[in-house]
>>> print(open('protein-v6.cif').read())   # mmCIF, C-alpha atoms and all ligand atoms
data_model
#
loop_
_atom_site.label_atom_id
_atom_site.label_comp_id
_atom_site.auth_asym_id
_atom_site.auth_seq_id
_atom_site.Cartn_x
_atom_site.Cartn_y
_atom_site.Cartn_z
CA MET A 1 -8.19 -83.47 -71.63
CA HIS A 2 -6.26 -80.17 -71.78
CA ARG A 3 -4.50 -79.54 -68.48
CA LYS A 4 -2.50 -76.82 -66.78
CA ILE A 5 0.95 -78.30 -66.22
CA HIS A 6 3.54 -77.24 -63.65
CA LEU A 7 7.09 -78.63 -63.51
CA ILE A 8 9.25 -78.91 -60.40
CA TYR A 9 12.67 -80.54 -60.68
CA PHE A 10 16.19 -80.91 -59.36
CA SER A 11 18.48 -81.91 -62.21
CA PRO A 12 22.22 -81.14 -62.10
CA THR A 13 23.07 -83.06 -65.31
CA ALA A 14 19.72 -82.36 -67.04
CA THR A 15 18.42 -85.92 -67.60
CA THR A 16 15.56 -85.46 -65.11
CA ARG A 17 14.57 -82.19 -66.74
CA LYS A 18 14.59 -83.77 -70.23
CA THR A 19 12.42 -86.62 -69.00
CA LEU A 20 9.85 -84.28 -67.44
CA GLU A 21 9.76 -82.24 -70.65
CA ALA A 22 8.99 -85.39 -72.66
CA ILE A 23 6.22 -86.40 -70.24
CA THR A 24 4.83 -82.86 -70.57
CA ARG A 25 4.69 -83.17 -74.38
CA GLY A 26 2.58 -86.31 -73.96
CA THR A 27 0.07 -84.64 -71.66
CA ASN A 28 -0.89 -82.16 -74.38
CA GLY A 29 -1.25 -79.58 -71.62
CA THR A 30 0.09 -76.05 -71.31
CA VAL A 31 3.04 -75.34 -69.05
CA GLN A 32 2.03 -72.71 -66.51
CA SER A 33 5.13 -72.71 -64.31
CA GLU A 34 8.57 -74.26 -64.08
CA THR A 35 10.37 -74.44 -60.71
CA ASP A 36 14.02 -75.44 -61.00
CA LEU A 37 15.32 -76.46 -57.57
CA THR A 38 18.81 -77.35 -58.84
CA CYS A 39 20.63 -74.22 -57.74
CA ARG A 40 18.25 -72.46 -55.40
CA SER A 41 15.22 -72.65 -53.16
CA PRO A 42 11.96 -71.77 -54.90
CA GLU A 43 11.32 -68.04 -54.79
CA PRO A 44 8.54 -67.04 -55.08
CA LEU A 45 6.81 -70.29 -54.10
CA PRO A 46 4.61 -71.68 -56.89
CA VAL A 47 0.91 -71.81 -56.02
CA PHE A 48 -1.30 -74.65 -57.20
CA GLY A 49 -5.01 -75.36 -57.36
CA LYS A 50 -6.88 -78.63 -57.46
CA ASP A 51 -7.29 -78.52 -61.26
CA ASP A 52 -3.53 -78.35 -61.87
CA LEU A 53 -1.20 -81.23 -62.80
CA VAL A 54 2.25 -80.98 -61.22
CA LEU A 55 5.17 -83.11 -62.46
CA VAL A 56 7.91 -83.45 -59.82
CA GLY A 57 11.23 -84.95 -60.91
CA MET A 58 14.37 -85.83 -58.95
CA PRO A 59 17.38 -88.06 -59.62
CA VAL A 60 18.20 -91.11 -57.51
CA TYR A 61 21.27 -90.70 -55.30
CA ALA A 62 22.36 -93.90 -53.50
CA GLY A 63 18.85 -95.32 -53.68
CA ARG A 64 17.31 -92.22 -52.13
CA LEU A 65 16.52 -88.65 -53.14
CA PRO A 66 19.26 -85.99 -52.95
CA GLN A 67 18.46 -84.45 -49.56
CA LEU A 68 19.24 -80.97 -50.89
CA ALA A 69 16.43 -81.45 -53.41
CA VAL A 70 14.04 -82.58 -50.67
CA GLN A 71 14.90 -79.55 -48.51
CA ARG A 72 14.18 -77.22 -51.43
CA PHE A 73 10.92 -79.01 -52.25
CA LEU A 74 9.47 -79.00 -48.72
CA PRO A 75 8.35 -75.33 -48.60
CA ILE A 76 6.03 -75.99 -51.57
CA THR A 77 2.45 -76.98 -50.79
CA GLY A 78 0.15 -78.92 -53.09
CA ASN A 79 -3.26 -77.56 -52.20
CA ASP A 80 -4.73 -80.87 -53.41
CA ALA A 81 -3.25 -80.54 -56.92
CA ALA A 82 -2.68 -83.77 -58.87
CA VAL A 83 0.98 -84.76 -58.84
CA VAL A 84 3.19 -87.18 -60.74
CA PRO A 85 6.38 -88.11 -58.84
CA VAL A 86 9.16 -89.14 -61.26
CA VAL A 87 12.63 -90.38 -60.41
CA VAL A 88 15.48 -90.77 -62.90
CA TYR A 89 18.36 -93.16 -62.24
CA GLY A 90 21.54 -94.42 -63.84
CA ASN A 91 20.65 -98.06 -64.57
CA ARG A 92 21.52 -99.58 -61.19
CA HIS A 93 18.20 -99.21 -59.30
CA TYR A 94 15.88 -96.60 -57.82
CA ASP A 95 15.48 -98.51 -54.52
CA ASP A 96 13.45 -96.29 -52.13
CA ALA A 97 13.69 -93.00 -54.05
CA LEU A 98 10.28 -93.25 -55.73
CA ILE A 99 8.41 -94.04 -52.52
CA GLU A 100 10.34 -91.25 -50.78
CA LEU A 101 9.22 -88.75 -53.43
CA TYR A 102 5.67 -90.11 -53.35
CA ASP A 103 5.59 -89.66 -49.55
CA CYS A 104 7.07 -86.14 -49.76
CA CYS A 105 4.39 -85.15 -52.28
CA ARG A 106 1.60 -86.53 -50.10
CA LYS A 107 3.00 -84.84 -47.01
CA GLN A 108 3.00 -81.50 -48.84
CA GLY A 109 -0.68 -81.86 -49.73
CA PHE A 110 -0.44 -83.13 -53.30
CA ARG A 111 -2.63 -85.96 -54.67
CA PRO A 112 -0.57 -88.56 -56.61
CA VAL A 113 -2.29 -89.73 -59.82
CA ALA A 114 0.65 -91.51 -61.49
CA ALA A 115 4.38 -92.09 -60.97
CA GLY A 116 7.32 -93.21 -63.05
CA THR A 117 10.94 -94.31 -62.93
CA PHE A 118 13.04 -93.37 -65.94
CA LEU A 119 16.66 -93.79 -67.01
CA GLY A 120 19.39 -91.19 -67.39
CA GLU A 121 23.07 -91.34 -68.23
CA HIS A 122 24.79 -92.01 -64.91
CA SER A 123 26.34 -88.88 -63.44
CA PHE A 124 29.57 -90.90 -62.93
CA SER A 125 29.74 -91.82 -66.64
CA THR A 126 32.94 -90.74 -68.42
CA PRO A 127 34.22 -91.34 -71.96
CA GLN A 128 36.60 -93.93 -70.48
CA LEU A 129 33.85 -95.68 -68.50
CA PRO A 130 30.43 -94.94 -70.03
CA LEU A 131 27.40 -95.77 -67.85
CA SER A 132 23.89 -95.80 -69.36
CA LYS A 133 25.40 -93.51 -71.98
CA GLY A 134 23.09 -91.21 -73.93
CA ARG A 135 20.01 -91.88 -71.83
CA PRO A 136 17.31 -90.78 -71.91
CA ASP A 137 17.56 -91.85 -75.57
CA ALA A 138 14.87 -91.66 -78.26
CA ALA A 139 13.14 -94.80 -76.97
CA ASP A 140 13.10 -93.47 -73.39
CA LEU A 141 11.67 -90.13 -74.50
CA GLU A 142 9.00 -91.88 -76.54
CA LYS A 143 8.04 -93.91 -73.44
CA ALA A 144 7.97 -90.73 -71.38
CA GLU A 145 5.62 -89.08 -73.90
CA ALA A 146 3.39 -92.16 -73.98
CA PHE A 147 3.29 -92.05 -70.17
CA GLY A 148 2.22 -88.41 -70.35
CA ARG A 149 -0.72 -89.41 -72.56
CA GLN A 150 -1.85 -91.97 -69.97
CA ILE A 151 -1.88 -89.76 -66.88
CA GLY A 152 -5.43 -89.61 -65.57
CA THR A 153 -7.13 -88.25 -62.48
CA ALA A 154 -7.65 -91.36 -60.33
CA GLU A 155 -5.55 -91.56 -57.19
CA LEU A 156 -2.36 -93.64 -57.16
CA LYS A 157 -2.41 -95.47 -53.84
CA THR A 158 1.03 -97.06 -53.75
CA VAL A 159 4.45 -97.24 -55.46
CA PRO A 160 7.37 -99.69 -55.08
CA GLY A 161 9.89 -99.17 -52.28
CA HIS A 162 10.33 -99.73 -48.56
CA ARG A 163 9.58 -97.78 -45.41
CA PRO A 164 11.69 -97.00 -43.49
CA TYR A 165 13.82 -96.01 -46.47
CA LYS A 166 17.32 -97.40 -46.84
CA ALA A 167 19.98 -95.35 -45.04
CA GLY A 168 21.39 -92.46 -47.08
CA LYS A 169 25.10 -92.31 -47.85
CA THR A 170 27.37 -89.54 -46.60
CA LEU A 171 29.34 -88.17 -49.52
CA THR A 172 32.67 -86.62 -48.59
CA GLY A 173 35.30 -84.88 -50.67
CA SER A 174 35.02 -83.05 -53.96
CA ALA A 175 34.19 -85.35 -56.82
CA THR A 176 36.15 -83.56 -59.52
CA SER A 177 39.52 -81.90 -59.91
CA VAL A 178 40.63 -79.29 -62.38
CA ASP A 179 43.38 -79.13 -64.97
CA PRO A 180 44.73 -75.58 -64.34
CA GLU A 181 46.12 -75.48 -67.88
CA ARG A 182 42.67 -75.94 -69.38
CA CYS A 183 40.46 -73.96 -66.96
CA THR A 184 39.60 -70.55 -68.42
CA ALA A 185 37.90 -69.33 -65.22
CA CYS A 186 34.78 -68.69 -67.31
CA GLY A 187 32.51 -69.17 -64.28
CA LYS A 188 30.12 -71.71 -65.85
CA CYS A 189 30.68 -74.20 -62.99
CA ILE A 190 30.07 -71.46 -60.44
CA GLU A 191 26.73 -70.71 -62.10
CA ILE A 192 25.51 -74.34 -62.20
CA CYS A 193 26.84 -75.82 -58.94
CA PRO A 194 23.77 -76.78 -56.82
CA THR A 195 25.57 -75.94 -53.55
CA GLN A 196 27.35 -72.78 -54.73
CA GLY A 197 30.50 -74.73 -53.89
CA MET A 198 32.78 -73.48 -56.69
CA SER A 199 35.06 -70.47 -56.60
CA ILE A 200 37.90 -68.99 -58.64
CA ASN A 201 41.29 -69.05 -56.93
CA ASN A 202 44.35 -67.87 -58.84
CA SER A 203 42.36 -67.89 -62.11
CA VAL A 204 41.30 -71.54 -61.64
CA ALA A 205 37.85 -72.87 -60.62
CA GLU A 206 38.18 -74.95 -57.45
CA ALA A 207 35.52 -77.10 -55.78
CA ASP A 208 34.90 -76.85 -52.03
CA PRO A 209 35.32 -80.42 -50.68
CA ASP A 210 32.91 -79.69 -47.81
CA ASN A 211 30.20 -78.57 -50.17
CA CYS A 212 30.13 -81.17 -52.96
CA ILE A 213 27.17 -83.51 -53.55
CA TRP A 214 28.99 -85.44 -56.33
CA CYS A 215 26.38 -84.37 -58.90
CA MET A 216 29.00 -83.90 -61.66
CA ALA A 217 27.38 -80.81 -63.19
CA CYS A 218 30.75 -79.01 -63.14
CA LEU A 219 32.40 -81.81 -65.10
CA ARG A 220 29.54 -82.45 -67.52
CA PHE A 221 29.05 -78.82 -68.54
CA CYS A 222 32.61 -77.43 -68.42
CA PRO A 223 33.06 -75.69 -71.81
CA ALA A 224 36.85 -76.18 -71.62
CA ASP A 225 36.64 -79.84 -70.62
CA ALA A 226 38.94 -78.93 -67.75
CA ARG A 227 37.54 -81.17 -65.01
CA SER A 228 37.97 -84.86 -64.36
CA LEU A 229 36.50 -87.40 -62.00
CA THR A 230 39.33 -88.14 -59.62
CA LEU A 231 37.76 -89.12 -56.30
CA GLU A 232 38.69 -92.75 -55.69
CA PRO A 233 35.39 -93.97 -54.12
CA ILE A 234 33.51 -92.68 -57.18
CA ARG A 235 35.94 -94.28 -59.61
CA ALA A 236 35.55 -97.59 -57.77
CA THR A 237 31.73 -97.27 -57.86
CA ALA A 238 31.80 -96.45 -61.57
CA GLN A 239 33.90 -99.55 -62.25
CA LYS A 240 31.51 -101.72 -60.21
CA LEU A 241 28.49 -100.29 -62.04
CA ASN A 242 30.16 -100.97 -65.37
CA ASP A 243 31.00 -104.55 -64.33
CA HIS A 244 27.64 -105.49 -62.78
CA PHE A 245 24.88 -103.10 -63.86
CA SER A 246 25.30 -102.57 -67.57
CA GLU A 247 22.28 -104.64 -68.68
CA ARG A 248 19.76 -102.13 -69.99
CA ARG A 249 16.89 -101.36 -67.62
CA GLU A 250 13.62 -99.84 -68.84
CA PRO A 251 11.26 -97.16 -67.51
CA GLU A 252 8.40 -98.28 -65.24
CA ILE A 253 5.13 -96.44 -64.92
CA PHE A 254 2.39 -96.57 -62.32
CA LEU A 255 -1.12 -95.22 -62.97
CA GLY A 256 -3.92 -94.34 -60.55
CA GLN A 257 -6.96 -96.64 -60.74
C1 LIG B 301 25.78 -89.15 -55.79
C2 LIG B 301 25.02 -89.95 -56.81
C3 LIG B 301 24.43 -91.17 -56.45
C4 LIG B 301 23.73 -91.92 -57.42
N1 LIG B 301 23.11 -93.08 -57.04
C5 LIG B 301 22.44 -93.81 -57.95
C6 LIG B 301 21.76 -95.02 -57.57
O1 LIG B 301 21.66 -95.38 -56.40
N2 LIG B 301 21.19 -95.78 -58.54
C7 LIG B 301 21.26 -95.42 -59.86
O2 LIG B 301 20.82 -96.20 -60.70
N3 LIG B 301 21.82 -94.24 -60.25
C8 LIG B 301 22.40 -93.43 -59.33
N4 LIG B 301 22.96 -92.24 -59.69
C9 LIG B 301 22.84 -91.76 -61.08
C10 LIG B 301 21.76 -90.69 -61.25
O3 LIG B 301 20.56 -91.08 -60.64
C11 LIG B 301 21.52 -90.46 -62.75
O4 LIG B 301 22.73 -90.16 -63.38
C12 LIG B 301 20.51 -89.37 -63.03
O5 LIG B 301 20.20 -89.47 -64.41
C13 LIG B 301 21.03 -87.96 -62.73
O6 LIG B 301 20.00 -87.03 -62.90
P1 LIG B 301 20.24 -85.52 -63.45
O7 LIG B 301 20.80 -85.66 -64.85
O8 LIG B 301 18.88 -84.94 -63.48
O9 LIG B 301 21.20 -84.86 -62.55
C14 LIG B 301 23.65 -91.46 -58.76
C15 LIG B 301 24.24 -90.23 -59.10
C16 LIG B 301 24.91 -89.48 -58.14
C17 LIG B 301 25.49 -88.16 -58.53
#
>>> encode(input="protein-v6.cif", output="structure tokens")
Amino acid sequence: MHRKIHLIYFSPTATTRKTLEAITRGTNGTVQSETDLTCRSPEPLPVFGKDDLVLVGMPVYAGRLPQLAVQRFLPITGNDAAVVPVVVYGNRHYDDALIELYDCCRKQGFRPVAAGTFLGEHSFSTPQLPLSKGRPDAADLEKAEAFGRQIGTAELKTVPGHRPYKAGKTLTGSATSVDPERCTACGKCIEICPTQGMSINNSVAEADPDNCIWCMACLRFCPADARSLTLEPIRATAQKLNDHFSERREPEIFLGQ
């Protein structure tokens, strides 16, 4: 079946976006709209009809959805369009993030027909301490495409997870620091920061500690490789993930019946 596809995603380090694109290839549909919630609220709001298929992707943050992503998603209404909630996580677990996204979609008037959990390189991954490095890899993308081929029209009644959802974590402090010798003040991090929390001071890009969601976009995409992950709680988490969660996990898919 040829379908009209719409993408909605929040994806600071691009693994969620890549996964949705692979699922889209599998659907053999035509992309009608793409709503990137990473850096801004949707404007104008996309409008859907009941014959559309909407893929909604968000990363898992501490077993939940990033609340900034949820806030930006909530003005969008489904108008009974079919939806596929997808969460992407860094090989620990997705906990209650998938059910949270499924519930958000329902609440906004979408009709879930499938759902999936996929793997991405962990945002806290560094060359010194790689975490689910290189994912989604070729095998993940192939699974995402195969999933796209299987998406039907029957309603998906349930997905794994718990209600009430696990408590979210409060993230404080800026995750990265800058090497002033390397920073060229090019402005790339300012452009891609989801909270608009970066600014140039004395020709160096600084992060606002009160406005950082630890997404790591500024570090991952710095063309001068000028940023490093210095916040101690993140370094400790990255070490724990490396010690206890390095066994490869695989995507899971859920289809309406
Ligand atoms: C603040 C924060 C919390 C995270 N929490 C989890 C988690 O609970 N479980 C997990 O497996 N991965 C976790 N991750 C990793 C991301 O889910 C993963 O890297 C994802 O691929 C990022 O998506 P993006 O590339 O679209 O930004 C976390 C990442 C960040 C930044």
>>> residues_near_ligand(input="protein-v6.cif", ligand="ligand LIG 301 (chain B)", cutoff="7 Å", atoms="all atoms listed in the file", output="MDAnalysis selection string")
chainID A and resid 10:17 58:64 88:94 119:124 213:216
>>> closest_atom_pairs(input="protein-v6.cif", of="range 141-166 of chain A", to="range 129-137 of chain A", cutoff="12 Å", atoms="all atoms listed in the file", output="tab-separated table")
residue	atom	partner	partner_atom	distance
A:Leu141	CA	A:Asp137	CA	6.2
A:Glu142	CA	A:Asp137	CA	8.6
A:Lys143	CA	A:Pro136	CA	9.9
A:Ala144	CA	A:Pro136	CA	9.4
A:Glu145	CA	A:Pro136	CA	12.0
>>> closest_atom_pairs(input="protein-v6.cif", of="range 223-243 of chain A", to="range 154-174 of chain A", cutoff="10 Å", atoms="all atoms listed in the file", output="CSV")
residue,atom,partner,partner_atom,distance
A:Leu229,CA,A:Ser174,CA,9.3
A:Thr230,CA,A:Ser174,CA,8.7
A:Leu231,CA,A:Ser174,CA,7.1
A:Glu232,CA,A:Gly173,CA,9.9
A:Pro233,CA,A:Leu171,CA,9.6
A:Ile234,CA,A:Leu171,CA,9.8
>>> write_last_selection(input="protein-v6.cif", atoms="C-alpha atoms", output="CSV table (one decimal), in the frame of the given file")
chain,number,residue,atom,x,y,z
A,229,LEU,CA,36.5,-87.4,-62.0
A,230,THR,CA,39.3,-88.1,-59.6
A,231,LEU,CA,37.8,-89.1,-56.3
A,232,GLU,CA,38.7,-92.8,-55.7
A,233,PRO,CA,35.4,-94.0,-54.1
A,234,ILE,CA,33.5,-92.7,-57.2
>>> closest_residue(input="protein-v6.cif", among="A:Ser177, A:Thr153, A:Gln257, A:Ala114", to="Pro209 in chain A", atoms="only C-alpha atoms")
A:Ser177
>>> atom_distance(input="protein-v6.cif", atom1="CA of Cys193 in chain A", atom2="CA of Ala22 in chain A")
24.5 Å
>>> residues_around(input="protein-v6.cif", residues="Cys105 in chain A", least_positions_apart="3", cutoff="12 Å", atoms="all atoms listed in the file", output="PyMOL selection string")
chain A and resi 8+54-57+70+73-86+98-102+108-115+156
>>> atom_distance(input="protein-v6.cif", atom1="CA of Leu219 in chain A", atom2="CA of Gly187 in chain A")
12.7 Å
>>> closest_residue(input="protein-v6.cif", among="A:Val204, A:Gln67, A:Ser125, A:Leu7", to="Asp52 in chain A", atoms="all atoms listed in the file")
A:Leu7
>>> closest_residue(input="protein-v6.cif", among="A:Ala236, A:His6, A:Ile253, A:Leu37", to="Phe147 in chain A", atoms="all atoms listed in the file")
A:Ile253
>>> atom_distance(input="protein-v6.cif", atom1="CA of Phe245 in chain A", atom2="CA of Thr38 in chain A")
26.9 Å
>>> build_atoms(input="protein-v6.cif", residues="range 172-191 of chain A", atoms="N, CA and C atoms", output="PDB file, in the frame of the given file")
ATOM      1  N   THR A 172      31.640 -87.580 -49.032  1.00  0.00           N
ATOM      2  CA  THR A 172      32.670 -86.620 -48.590  1.00  0.00           C
ATOM      3  C   THR A 172      33.740 -86.432 -49.660  1.00  0.00           C
ATOM      4  N   GLY A 173      34.244 -85.214 -49.711  1.00  0.00           N
ATOM      5  CA  GLY A 173      35.300 -84.880 -50.670  1.00  0.00           C
ATOM      6  C   GLY A 173      34.721 -84.301 -51.943  1.00  0.00           C
ATOM      7  N   SER A 174      35.552 -83.565 -52.705  1.00  0.00           N
ATOM      8  CA  SER A 174      35.020 -83.050 -53.960  1.00  0.00           C
ATOM      9  C   SER A 174      35.265 -84.074 -55.062  1.00  0.00           C
ATOM     10  N   ALA A 175      34.204 -84.269 -55.844  1.00  0.00           N
ATOM     11  CA  ALA A 175      34.190 -85.350 -56.820  1.00  0.00           C
ATOM     12  C   ALA A 175      35.150 -85.104 -57.984  1.00  0.00           C
ATOM     13  N   THR A 176      35.358 -83.845 -58.313  1.00  0.00           N
ATOM     14  CA  THR A 176      36.150 -83.560 -59.520  1.00  0.00           C
ATOM     15  C   THR A 176      37.390 -82.742 -59.169  1.00  0.00           C
ATOM     16  N   SER A 177      38.372 -82.807 -60.053  1.00  0.00           N
ATOM     17  CA  SER A 177      39.520 -81.900 -59.910  1.00  0.00           C
ATOM     18  C   SER A 177      39.730 -81.195 -61.250  1.00  0.00           C
ATOM     19  N   VAL A 178      40.512 -80.150 -61.205  1.00  0.00           N
ATOM     20  CA  VAL A 178      40.630 -79.290 -62.380  1.00  0.00           C
ATOM     21  C   VAL A 178      42.039 -79.361 -62.967  1.00  0.00           C
ATOM     22  N   ASP A 179      42.090 -79.265 -64.292  1.00  0.00           N
ATOM     23  CA  ASP A 179      43.380 -79.130 -64.970  1.00  0.00           C
ATOM     24  C   ASP A 179      43.621 -77.618 -65.114  1.00  0.00           C
ATOM     25  N   PRO A 180      44.553 -77.050 -64.332  1.00  0.00           N
ATOM     26  CA  PRO A 180      44.730 -75.580 -64.340  1.00  0.00           C
ATOM     27  C   PRO A 180      45.128 -75.056 -65.710  1.00  0.00           C
ATOM     28  N   GLU A 181      45.732 -75.905 -66.532  1.00  0.00           N
ATOM     29  CA  GLU A 181      46.120 -75.480 -67.880  1.00  0.00           C
ATOM     30  C   GLU A 181      44.896 -75.247 -68.770  1.00  0.00           C
ATOM     31  N   ARG A 182      43.859 -76.025 -68.518  1.00  0.00           N
ATOM     32  CA  ARG A 182      42.670 -75.940 -69.380  1.00  0.00           C
ATOM     33  C   ARG A 182      41.628 -74.943 -68.867  1.00  0.00           C
ATOM     34  N   CYS A 183      41.519 -74.799 -67.533  1.00  0.00           N
ATOM     35  CA  CYS A 183      40.460 -73.960 -66.960  1.00  0.00           C
ATOM     36  C   CYS A 183      40.639 -72.512 -67.430  1.00  0.00           C
ATOM     37  N   THR A 184      39.541 -71.937 -67.941  1.00  0.00           N
ATOM     38  CA  THR A 184      39.600 -70.550 -68.420  1.00  0.00           C
ATOM     39  C   THR A 184      38.953 -69.592 -67.414  1.00  0.00           C
ATOM     40  N   ALA A 185      38.560 -70.128 -66.254  1.00  0.00           N
ATOM     41  CA  ALA A 185      37.900 -69.330 -65.220  1.00  0.00           C
ATOM     42  C   ALA A 185      36.661 -68.616 -65.775  1.00  0.00           C
ATOM     43  N   CYS A 186      35.930 -69.321 -66.653  1.00  0.00           N
ATOM     44  CA  CYS A 186      34.780 -68.690 -67.310  1.00  0.00           C
ATOM     45  C   CYS A 186      33.602 -68.514 -66.359  1.00  0.00           C
ATOM     46  N   GLY A 187      33.579 -69.330 -65.269  1.00  0.00           N
ATOM     47  CA  GLY A 187      32.510 -69.170 -64.280  1.00  0.00           C
ATOM     48  C   GLY A 187      31.288 -70.034 -64.516  1.00  0.00           C
ATOM     49  N   LYS A 188      31.285 -70.858 -65.581  1.00  0.00           N
ATOM     50  CA  LYS A 188      30.120 -71.710 -65.850  1.00  0.00           C
ATOM     51  C   LYS A 188      29.837 -72.637 -64.661  1.00  0.00           C
ATOM     52  N   CYS A 189      30.892 -73.253 -64.107  1.00  0.00           N
ATOM     53  CA  CYS A 189      30.680 -74.200 -62.990  1.00  0.00           C
ATOM     54  C   CYS A 189      30.155 -73.476 -61.756  1.00  0.00           C
ATOM     55  N   ILE A 190      30.553 -72.238 -61.589  1.00  0.00           N
ATOM     56  CA  ILE A 190      30.070 -71.460 -60.440  1.00  0.00           C
ATOM     57  C   ILE A 190      28.556 -71.257 -60.578  1.00  0.00           C
ATOM     58  N   GLU A 191      28.146 -70.975 -61.812  1.00  0.00           N
ATOM     59  CA  GLU A 191      26.730 -70.710 -62.100  1.00  0.00           C
ATOM     60  C   GLU A 191      25.858 -71.953 -61.872  1.00  0.00           C
TER      61      GLU A 191
END
